[in-house]
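*Asks:* Supplied in structure tokens, the structure appears directly below.
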Amino acid sequence: MNAAARRGRPGDAVDGRILTTPVGLAFPRDVTFESWEQAGQRLSRIASSSAWYLGDWLVYGQDRYTGRYRRAVEAVGLDYQTLRNYAWISRKFEPSRRRSGLPFQHHAEVAALPPEEQDRWLDRAEREGWSRTALRRALRVARDPGSRPYR
């Protein structure tokens with residue numbers, strides 16, 4: 001392993017693989033387009049899922065380790081309010097109701113609604129291919145039909 005990789009900094013990858021480090025990616029000199037593209041797809045899935053992972057982790061900790069939960073959350077070093085939001089949204093959507101085709105933020109937009117409305121809006125967002133912003137606009141118009149959709 002090269003010195004940069006040992007120190008946790010991106011440098012030349014070893015064994016022809018793209019490596020992750022705490023501060024970035026290390027690419028082999030001869031990475032193929034296909035390998036590079038596959039790595040991007042994997043990273044996208046991880047990024048999309050990380051809020052769910054943290055939310056589920058927090059929910060489990062809240063339920064199982066009541067007295068020690070706060071200490072663990074502080075040890076993670078992430079913003080407490082952000083983590084609380086992740087946990088709240090994870091509680092609102094049991095895994096069977098989560099849409100793998102929609103990012104966490106779509107679920108966050110509808111989390112305050114009753115479950116049947118959440119499902120209706122998420123189904124529609126998935127069917128229409130809405131971005132989070134488009135979903136937010138549609139929700140705003142539905143709440144106040146007189147409002148303009150693009151503000």
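Here's how to read the names in the structure tokens: chain A, B, ... by the order shown, residue numbers from 1 in each chain, ligand numbers from 1 in the order shown.
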As a ChimeraX atom specification, please: the residues near Tyr86 of chain A (cut-off 12 Å, only C-alpha atoms, same-chain neighbours under 4 positions excluded).

*Replies:* /A:49-59,78-82,90-93,104-105,107-108,111

*Asks:* Which of chain A counts as helix (DSSP H, G or I) under DSSP, as a PyMOL selection string please?

*Replies:* chain A and resi 3-6+33-64+69-76+80-92+95-97+104-110+115-128+132-143

*Asks:* As a list in words, please: every residue in chain A that DSSP puts in strand (DSSP E).

*Replies:*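 Matching residues for strand (DSSP E) in chain A are Leu19, Thr20, Thr21, Gly24, Leu25 and Ala26 of chain A.
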
*Asks:* Just the residues within 10 Å of segment 113-130 of chain A, please, counting only C-alpha atoms, with nothing from its chain fewer than 4 positions along; format it as a ChimeraX atom specification.

*Replies:* /A:92-93,97-102,106-109,134-136,138-139

*Asks:* Kindly give the distance, in Å, that separates atom CA of Ser131 of chain A and atom CA of Pro103 of chain A, rounded to a single decimal.

*Replies:*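 Interatomic distance here is 9.3 Å.
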